[in-house]
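File shown: structure_13.cif. Contents: mmCIF, C-alpha atoms.
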data_protein
#
loop_
_atom_site.label_atom_id
_atom_site.label_comp_id
_atom_site.auth_asym_id
_atom_site.auth_seq_id
_atom_site.Cartn_x
_atom_site.Cartn_y
_atom_site.Cartn_z
CA MET M 1 31.75 8.05 18.36
CA LYS M 2 28.02 7.52 18.20
CA ARG M 3 27.07 6.14 14.79
CA GLY M 4 23.80 5.43 13.02
CA LEU M 5 22.80 2.01 11.76
CA LEU M 6 20.33 2.61 8.97
CA GLY M 7 18.16 0.25 7.00
CA LEU M 8 15.77 0.48 4.09
CA SER M 9 12.11 -0.34 4.42
CA LEU M 10 9.34 -1.17 2.01
CA LEU M 11 7.21 1.70 0.88
CA SER M 12 4.12 1.59 2.96
CA ILE M 13 2.63 -1.89 3.17
CA LEU M 14 -1.10 -0.71 2.69
CA GLY M 15 0.00 1.40 0.01
CA PHE M 16 2.56 1.17 2.15
CA THR M 17 3.54 3.76 4.83
CA ALA M 18 6.98 4.94 3.90
CA CYS M 19 9.39 4.51 6.76
CA ASN M 20 13.08 4.56 7.49
CA ASN M 21 14.42 2.32 10.24
CA GLU M 22 17.22 3.87 12.21
CA ILE M 23 18.93 2.22 15.16
CA ASP M 24 21.37 4.21 17.24
CA VAL M 25 24.21 2.03 18.46
CA ASN M 26 27.50 2.41 20.24
CA ALA M 27 28.52 -1.25 19.87
CA PRO M 28 30.71 -2.54 17.01
CA PHE M 29 29.00 -3.15 13.70
CA GLU M 30 27.08 -6.39 13.19
CA GLU M 31 25.46 -7.51 9.95
CA THR M 32 21.78 -6.52 10.13
CA THR M 33 19.18 -7.81 7.68
CA VAL M 34 16.11 -5.68 6.96
CA VAL M 35 12.96 -7.56 5.92
CA TYR M 36 9.56 -6.26 4.83
CA ALA M 37 6.63 -8.29 3.52
CA ALA M 38 2.84 -8.03 3.45
CA LEU M 39 1.55 -11.47 2.52
CA ASP M 40 -1.88 -11.69 0.89
CA ALA M 41 -3.79 -14.98 0.78
CA GLY M 42 -5.96 -13.47 -1.95
CA SER M 43 -3.03 -13.14 -4.36
CA SER M 44 -1.12 -15.85 -6.22
CA VAL M 45 2.06 -13.74 -6.14
CA ASN M 46 3.66 -12.24 -3.03
CA TYR M 47 6.84 -10.25 -2.56
CA ILE M 48 9.48 -10.04 0.16
CA ARG M 49 11.89 -7.13 0.30
CA ILE M 50 15.27 -7.90 1.85
CA THR M 51 18.10 -5.42 2.23
CA ARG M 52 21.02 -4.98 4.56
CA ALA M 53 21.60 -2.19 7.02
CA TYR M 54 24.78 -0.19 6.73
CA LEU M 55 26.97 1.56 9.24
CA GLY M 56 29.40 4.34 8.51
CA GLU M 57 31.16 7.23 10.15
CA GLU M 58 29.35 9.51 7.69
CA GLY M 59 25.95 8.45 9.04
CA ILE M 60 23.12 8.22 6.53
CA LEU M 61 25.40 9.41 3.71
CA GLY M 62 27.92 6.65 4.37
CA GLY M 63 26.49 4.01 2.04
CA ASN M 64 23.26 5.16 0.46
CA ASP M 65 24.78 5.11 -3.03
CA VAL M 66 26.81 1.88 -2.66
CA ALA M 67 24.94 -1.24 -3.79
CA ASP M 68 27.09 -3.62 -1.72
CA SER M 69 26.14 -1.68 1.41
CA LEU M 70 22.41 -2.08 0.76
CA TYR M 71 21.70 -5.28 -1.15
CA TYR M 72 22.69 -8.95 -0.94
CA ASP M 73 24.21 -10.74 -3.93
CA SER M 74 22.72 -14.08 -2.91
CA LEU M 75 20.26 -15.32 -0.31
CA ASN M 76 18.25 -18.49 0.19
CA VAL M 77 14.69 -17.37 0.97
CA GLN M 78 11.81 -19.70 1.76
CA LEU M 79 8.23 -19.24 2.90
CA LEU M 80 7.00 -22.00 5.21
CA GLY M 81 3.28 -22.59 5.74
CA ARG M 82 2.21 -23.97 9.12
CA ASN M 83 -1.15 -25.39 10.14
CA ALA M 84 -2.93 -24.76 13.43
CA SER M 85 -0.79 -27.44 15.09
CA GLY M 86 2.40 -25.67 14.08
CA ASN M 87 3.44 -28.31 11.55
CA VAL M 88 5.02 -27.24 8.26
CA VAL M 89 2.55 -28.23 5.52
CA SER M 90 3.87 -26.19 2.58
CA THR M 91 7.18 -24.74 1.43
CA PHE M 92 7.64 -22.05 -1.20
CA GLN M 93 11.06 -21.15 -2.61
CA ALA M 94 11.30 -17.40 -3.17
CA VAL M 95 13.10 -16.25 -6.32
CA GLN M 96 14.73 -12.94 -7.13
CA ASP M 97 12.60 -10.69 -9.32
CA PRO M 98 14.65 -7.88 -10.89
CA THR M 99 11.61 -6.65 -12.85
CA VAL M 100 10.24 -4.90 -9.75
CA GLN M 101 11.90 -1.52 -9.85
CA MET M 102 12.56 0.84 -6.95
CA GLU M 103 11.77 4.49 -7.61
CA GLU M 104 14.74 6.76 -8.10
CA GLY M 105 15.58 8.59 -4.91
CA PHE M 106 18.03 8.80 -2.04
CA PHE M 107 19.21 5.17 -2.27
CA THR M 108 20.91 3.68 -5.31
CA THR M 109 18.78 1.34 -7.43
CA GLU M 110 21.80 -0.56 -8.75
CA GLY M 111 21.60 -4.17 -7.55
CA TYR M 112 18.09 -3.78 -6.15
CA VAL M 113 15.85 -6.85 -6.31
CA VAL M 114 12.88 -8.21 -4.40
CA PHE M 115 12.04 -11.85 -3.79
CA ARG M 116 8.87 -13.26 -5.36
CA VAL M 117 6.80 -16.14 -4.03
CA ASN M 118 4.57 -17.87 -6.58
CA GLY M 119 1.62 -19.87 -5.31
CA ASN M 120 -1.65 -19.61 -3.46
CA LEU M 121 -1.44 -19.13 0.30
CA ASN M 122 -3.99 -20.61 2.71
CA GLU M 123 -5.65 -18.01 4.91
CA GLU M 124 -6.02 -20.59 7.70
CA HIS M 125 -2.25 -21.13 7.91
CA SER M 126 0.50 -18.97 9.34
CA TYR M 127 3.59 -18.27 7.23
CA GLU M 128 7.21 -17.93 8.22
CA VAL M 129 9.81 -16.16 6.10
CA VAL M 130 13.16 -17.95 6.54
CA ILE M 131 16.31 -16.32 5.15
CA GLN M 132 19.69 -18.05 5.04
CA ARG M 133 22.45 -15.46 4.78
CA PRO M 134 25.83 -16.14 3.11
CA ASP M 135 27.52 -16.01 6.53
CA GLY M 136 25.36 -18.89 7.80
CA GLU M 137 23.05 -16.78 9.96
CA THR M 138 19.29 -17.37 9.77
CA VAL M 139 16.74 -14.56 9.79
CA ARG M 140 13.07 -15.41 10.31
CA SER M 141 9.66 -13.89 10.94
CA GLU M 142 6.17 -15.40 11.12
CA THR M 143 2.70 -13.96 10.57
CA GLY M 144 -0.88 -15.12 10.68
CA MET M 145 -3.09 -14.32 7.71
CA VAL M 146 -5.93 -11.81 7.53
CA ARG M 147 -9.07 -13.68 6.47
CA GLU M 148 -11.37 -12.79 3.59
CA PHE M 149 -13.92 -10.07 4.35
CA ARG M 150 -16.71 -8.26 2.51
CA VAL M 151 -17.41 -4.66 1.48
CA THR M 152 -21.09 -4.02 2.28
CA GLU M 153 -21.50 -0.45 1.01
CA PRO M 154 -22.01 0.84 -1.64
CA ARG M 155 -24.77 -1.61 -2.53
CA PHE M 156 -26.48 0.29 -5.35
CA PRO M 157 -25.29 0.75 -8.95
CA THR M 158 -24.25 4.38 -8.39
CA VAL M 159 -21.99 6.21 -5.93
CA ASN M 160 -22.57 9.81 -4.94
CA PRO M 161 -19.83 11.64 -3.01
CA ALA M 162 -21.57 14.91 -3.95
CA GLY M 163 -24.73 13.90 -2.09
CA THR M 164 -25.92 15.67 1.04
CA ARG M 165 -24.68 12.82 3.23
CA GLY M 166 -21.68 11.98 1.08
CA GLN M 167 -20.92 8.42 0.02
CA GLU M 168 -20.78 5.73 2.68
CA ILE M 169 -18.15 3.00 2.42
CA ALA M 170 -18.76 0.11 4.83
CA TRP M 171 -17.23 -3.32 5.36
CA ASP M 172 -17.28 -6.27 7.71
CA GLN M 173 -14.31 -6.47 10.05
CA ALA M 174 -11.89 -9.21 9.06
CA ILE M 175 -10.69 -12.04 11.26
CA TYR M 176 -7.12 -11.15 12.31
CA GLY M 177 -7.55 -7.72 10.72
CA ARG M 178 -6.70 -4.58 12.68
CA VAL M 179 -6.15 -1.62 10.33
CA TYR M 180 -8.15 -0.64 7.24
CA ASN M 181 -7.48 1.63 4.28
CA VAL M 182 -10.18 2.70 1.78
CA ASN M 183 -9.29 3.58 -1.82
CA PHE M 184 -11.93 5.15 -4.06
CA HIS M 185 -10.74 4.70 -7.67
CA MET M 186 -12.43 6.82 -10.34
CA ARG M 187 -11.56 5.69 -13.87
CA TYR M 188 -11.68 8.16 -16.73
CA VAL M 189 -10.55 8.55 -20.33
CA GLU M 190 -8.75 11.49 -21.89
CA PHE M 191 -8.62 12.34 -25.59
CA PRO M 192 -8.39 15.20 -28.10
CA ARG M 193 -11.79 16.83 -28.37
CA ASN M 194 -11.93 16.16 -32.12
CA ASP M 195 -10.60 12.58 -31.99
CA LYS M 196 -12.28 10.23 -29.51
CA GLU M 197 -10.43 7.24 -30.93
CA ASP M 198 -7.11 8.61 -29.65
CA SER M 199 -7.99 8.05 -25.99
CA THR M 200 -5.93 7.04 -22.98
CA ARG M 201 -7.17 5.53 -19.73
CA HIS M 202 -6.44 7.05 -16.34
CA THR M 203 -7.37 6.61 -12.68
CA PHE M 204 -7.80 9.13 -9.90
CA THR M 205 -7.62 7.57 -6.44
CA TYR M 206 -8.92 9.18 -3.29
CA THR M 207 -7.59 7.48 -0.16
CA LEU M 208 -9.25 7.85 3.22
CA PRO M 209 -7.22 7.97 6.45
CA TYR M 210 -6.46 4.68 8.15
CA THR M 211 -9.21 3.20 10.32
CA THR M 212 -8.46 0.89 13.24
CA GLY M 213 -10.76 -2.02 14.01
CA ASP M 214 -11.88 -2.82 17.55
CA ASN M 215 -11.40 -6.60 17.44
CA LEU M 216 -9.55 -9.39 15.63
CA ASP M 217 -12.50 -11.79 15.59
CA GLY M 218 -14.30 -10.52 12.50
CA ILE M 219 -17.20 -9.14 14.53
CA GLY M 220 -19.10 -6.02 13.53
CA GLU M 221 -18.92 -3.49 10.73
CA ILE M 222 -16.93 -0.31 10.09
CA SER M 223 -18.02 2.58 7.89
CA SER M 224 -16.49 5.79 6.57
CA ILE M 225 -17.93 8.70 4.61
CA ILE M 226 -16.46 10.38 1.52
CA ASN M 227 -17.97 13.85 1.20
CA LYS M 228 -17.97 16.37 -1.62
CA ASP M 229 -15.24 18.64 -0.30
CA GLN M 230 -12.93 15.72 0.46
CA PHE M 231 -13.25 13.99 -2.88
CA PHE M 232 -13.47 16.87 -5.33
CA GLY M 233 -11.10 19.07 -3.33
CA SER M 234 -8.51 16.30 -3.35
CA MET M 235 -8.98 15.82 -7.07
CA ALA M 236 -8.46 19.53 -7.71
CA ALA M 237 -5.25 19.44 -5.67
CA GLN M 238 -3.82 16.37 -7.39
CA LEU M 239 -4.93 16.58 -11.02
CA ALA M 240 -3.62 19.15 -13.46
CA PRO M 241 -5.77 20.31 -16.37
CA PRO M 242 -5.26 18.26 -19.54
CA ALA M 243 -3.31 19.54 -22.51
CA VAL M 244 -4.96 22.22 -24.63
CA GLY M 245 -7.68 20.70 -26.79
CA TYR M 246 -8.02 17.57 -24.65
CA VAL M 247 -11.07 16.57 -22.61
CA ARG M 248 -11.91 13.93 -20.02
CA ILE M 249 -14.91 11.66 -19.58
CA PRO M 250 -15.58 9.85 -16.26
CA ARG M 251 -16.11 6.10 -16.39
CA ARG M 252 -16.65 3.57 -13.62
CA VAL M 253 -15.71 3.72 -9.95
CA ASP M 254 -14.09 0.87 -8.02
CA VAL M 255 -14.01 0.78 -4.22
CA GLU M 256 -11.11 -1.06 -2.59
CA VAL M 257 -10.71 -1.76 1.13
CA VAL M 258 -7.31 -3.05 2.26
CA CYS M 259 -7.00 -4.69 5.68
CA GLY M 260 -3.74 -5.17 7.58
CA ALA M 261 -2.92 -7.47 10.48
CA GLU M 262 -1.99 -6.44 14.02
CA ASP M 263 1.77 -6.18 13.46
CA LEU M 264 1.23 -3.99 10.41
CA ALA M 265 -1.04 -1.71 12.44
CA THR M 266 1.68 -1.38 15.08
CA HIS M 267 4.25 -0.61 12.38
CA ILE M 268 2.03 2.11 10.92
CA ASN M 269 1.38 3.65 14.33
CA VAL M 270 5.03 3.87 15.37
CA SER M 271 6.02 5.18 11.92
CA GLN M 272 3.86 8.28 12.22
CA PRO M 273 5.65 11.65 12.53
CA GLN M 274 6.53 12.37 16.14
CA THR M 275 5.31 15.43 18.00
CA GLY M 276 6.34 16.93 21.32
CA VAL M 277 9.72 16.68 22.98
CA LEU M 278 10.40 13.00 22.20
CA GLN M 279 13.78 12.88 20.44
CA ASP M 280 13.95 9.23 19.37
CA PRO M 281 10.95 7.69 17.55
CA PRO M 282 9.62 4.36 18.85
CA PHE M 283 10.88 1.28 17.05
CA PHE M 284 9.01 -1.93 16.24
CA THR M 285 10.13 -5.13 14.56
CA ASN M 286 8.87 -8.72 14.50
CA VAL M 287 11.92 -10.09 12.67
CA GLU M 288 14.18 -12.48 14.58
CA ASN M 289 17.91 -11.82 14.03
CA GLY M 290 17.05 -8.80 11.88
CA VAL M 291 14.75 -5.80 11.71
CA GLY M 292 11.61 -4.95 9.77
CA VAL M 293 8.04 -6.22 9.65
CA VAL M 294 6.50 -9.33 8.12
CA SER M 295 2.72 -9.12 8.27
CA SER M 296 -0.35 -9.86 6.17
CA ILE M 297 -3.01 -7.95 4.29
CA ARG M 298 -6.27 -8.74 2.49
CA ARG M 299 -8.18 -6.77 -0.12
CA SER M 300 -11.90 -6.59 -0.81
CA TYR M 301 -13.55 -4.79 -3.73
CA VAL M 302 -16.79 -3.43 -5.08
CA LEU M 303 -16.29 -2.88 -8.80
CA GLY M 304 -17.92 -1.09 -11.70
CA LYS M 305 -20.09 1.53 -9.99
CA ARG M 306 -21.27 4.62 -11.87
CA LEU M 307 -21.11 8.19 -10.63
CA ALA M 308 -24.58 9.44 -9.71
CA PRO M 309 -25.92 12.38 -11.79
CA ALA M 310 -25.30 14.83 -8.93
CA SER M 311 -21.66 13.77 -8.71
CA ILE M 312 -21.20 14.01 -12.48
CA ASP M 313 -22.60 17.55 -12.37
CA GLU M 314 -20.25 18.42 -9.50
CA LEU M 315 -17.30 16.91 -11.35
CA VAL M 316 -18.03 18.77 -14.58
CA PHE M 317 -19.42 22.09 -13.35
CA GLY M 318 -18.37 22.33 -9.69
CA SER M 319 -16.03 25.00 -8.37
CA TYR M 320 -13.31 22.50 -7.44
CA THR M 321 -13.01 20.69 -10.77
CA CYS M 322 -14.42 23.02 -13.44
CA GLY M 323 -10.93 23.62 -14.83
CA LEU M 324 -10.10 19.92 -15.16
CA LYS M 325 -12.15 19.64 -18.38
CA PHE M 326 -14.38 16.70 -17.50
CA GLY M 327 -17.38 16.31 -19.77
CA LYS M 328 -20.98 15.24 -19.20
CA VAL M 329 -22.25 13.00 -22.00
CA THR M 330 -25.91 13.52 -22.95
CA THR M 331 -28.03 12.07 -25.73
CA GLN M 332 -27.46 15.18 -27.84
CA ASP M 333 -24.04 16.49 -26.91
CA THR M 334 -21.18 16.46 -24.41
CA LEU M 335 -21.32 19.37 -21.98
CA PHE M 336 -18.32 21.10 -20.41
CA CYS M 337 -17.75 23.78 -17.82
CA GLN M 338 -17.29 27.17 -19.48
#
If you took the structure in this file and wrote it as C-alpha cells, what would it be?
Amino acid sequence: MKRGLLGLSLLSILGFTACNNEIDVNAPFEETTVVYAALDAGSSVNYIRITRAYLGEEGILGGNDVADSLYYDSLNVQLLGRNASGNVVSTFQAVQDPTVQMEEGFFTTEGYVVFRVNGNLNEEHSYEVVIQRPDGETVRSETGMVREFRVTEPRFPTVNPAGTRGQEIAWDQAIYGRVYNVNFHMRYVEFPRNDKEDSTRHTFTYTLPYTTGDNLDGIGEISSIINKDQFFGSMAAQLAPPAVGYVRIPRRVDVEVVCGAEDLATHINVSQPQTGVLQDPPFFTNVENGVGVVSSIRRSYVLGKRLAPASIDELVFGSYTCGLKFGKVTTQDTLFCQ
C-alpha cells in the first residue's frame, strides 16, 4: 500500500512561510529527521527546530497527536562555524528550550521543544548544524551567512503611505541575500476615552510580497512602494474596532527588511500553492540524512518614523479606517471620525 511519510516544518522562516513536507514512499519505513533553521548573524540567539517524520497506514492522521511520533526525547545538537578555508573555528552546543511554544493546531504540542544556540555568529563564516541521533545516525546541513545590509528609504523623519506616490521602501542588496520581505510596523496605543493612563500598546504590521534580488554580490538597490489602498485597506481588513468607549492614537512607525539566503528563497518558491495539472508539489531540502532547510537571514531597520499629516488624516478620517477609532491629536483637542 502506498503510504505517506510526513514531517513538520518551521512556520515560515521570513516570518516564515508555513509548509508541510510530504514524501510519498513505497519502501519500508526509515527514521527521518526534519530540520529547520534560519540563522541570523545579527542576533545573539538562534533557534533550530528538529522533529521526526512519521509513517502510518492512516496517512497524515496516523501520528499527528502522538508526541513520540513527532519529537525526540534526546538529541546532541551542535553548530559548527567554519572559516573560508573550511576549518572549524567555533563550536556552539545547542540546548533545548521548552519556553518556545508551538501554536495549538493539527499537531500535538506535548513534548515540543526547539534547540537554542547562544552566542554571536560571524557573518564571514559558514555554519553547519550537526545532529547526533540516539540510533547513532548523524544529520547535518550547512549554510553561508547573509551579510549586513542597509535600508536607504525612508530617509526623512516622516512616512506617508497616503501620499500621491505612496511610501517608498528601498534597501541595498545584501551579499549572499536572495529574497527580501518588507514589514511596515505602525505602533499605536489604545485606551478608554476618559482615562488615558489606562493604555495598552499595540502594533499593526503591513507586509509586502516577497521580492527576489538579482545577484548575491551585494550590488545595486531594490525598492518597493506602499500605497494608500494597500496599507489602509489591509488595516481595515485585519483590525477590528476597539471596545465601546475606547480610542486609538498612532505612534511611531518602524520599517523592517528581512533578507533570506539562496536556499531559503528556493524553499519559499517550491512551497507556494501549486496551480495547473501538477499533482505532486516540488520538494527541496539541503539536509543530509534528513529533510528540511537550514539557511540564513539578516534584518535591517529604520526606526522611529512619524506618520505624515496626510497619512494621519487618512488613518483617522479615511473611508477605510474611519470606524477603527483612531484619533488625531491637536494642540486644542483630539479629533475623531464621526
Distance criterion (all atoms listed in the file): nearest to Lys328 (chain M) out of M:Asn160, M:Glu197, M:Arg251, M:Arg299: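 Between M:Asn160, M:Glu197, M:Arg251, M:Arg299, the residue approaching Lys328 (chain M) most closely is M:Arg251.
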Just give me the gap between CA of Val182 (chain M) and CA of Arg150 (chain M) in Å, one decimal is fine.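 Interatomic distance here is 12.8 Å.
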I need the output of the PyMOL selection byres ((chain M and resi 163-174) around 10) for this file as a PyMOL selection string; which residues are they? chain M and resi 146-155+158-162+175-180+182-184+212-231+255-257+259-261+298+300-302+308-311+314
Result set, the PyMOL selection byres ((chain M and resi 115) around 9) on current file, as a PyMOL selection string: chain M and resi 46-50+77+94-98+113-114+116-117
Using all atoms listed in the file, which of M:Val89, M:Leu335, M:Ile131, M:Leu264 sits nearest Met145 (chain M)?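 Checking each of M:Val89, M:Leu335, M:Ile131, M:Leu264 against Met145 (chain M), counting all atoms listed in the file, the winner is M:Leu264.
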Enter the distance from CA of Asp135 (chain M) to CA of Glu288 (chain M), in Å, rounded to one decimal. 16.0 Å
Result set, the PyMOL selection byres ((chain M and resi 323) around 9) on current file, as a VMD selection string: chain M and resid 236 240 to 241 316 to 317 319 to 322 324 to 326 337 to 338
State, in Å with one decimal place, the distance from CA of Gly86 (chain M) to CA of Arg52 (chain M). 29.4 Å
Nearest to Gln238 (chain M): which of M:Val258, M:Thr203, M:Thr138, M:Thr32 is it, counting all atoms listed in the file?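 Distance minimum relative to Gln238 (chain M) lands on M:Thr203.
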May I have the residues at most 12 Å from (-12.8, 10.8, -27.1) in the file's coordinates, counting all atoms listed in the file, as a PyMOL selection string? chain M and resi 188-201+245-250+326-327+329+334
Residue among M:Asn76, M:Thr99, M:Ser126, M:Thr205 lying closest to Ser296 (chain M), counting all atoms listed in the file: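 Of the candidates, the smallest distance to Ser296 (chain M) is held by M:Ser126.
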Pick from M:His125, M:His185, M:His202, M:Lys305, whichever lies nearest to Thr143 (chain M) using all atoms listed in the file: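 Going through M:His125, M:His185, M:His202, M:Lys305 one by one, the smallest distance to Thr143 (chain M) is for M:His125.
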Of the candidates M:Val253, M:Ile312, M:Val88, M:Ile297, which shows the shortest atom-to-atom distance to Phe232 (chain M), using only C-alpha atoms?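 Of all the options, M:Ile312 lies closest to Phe232 (chain M).
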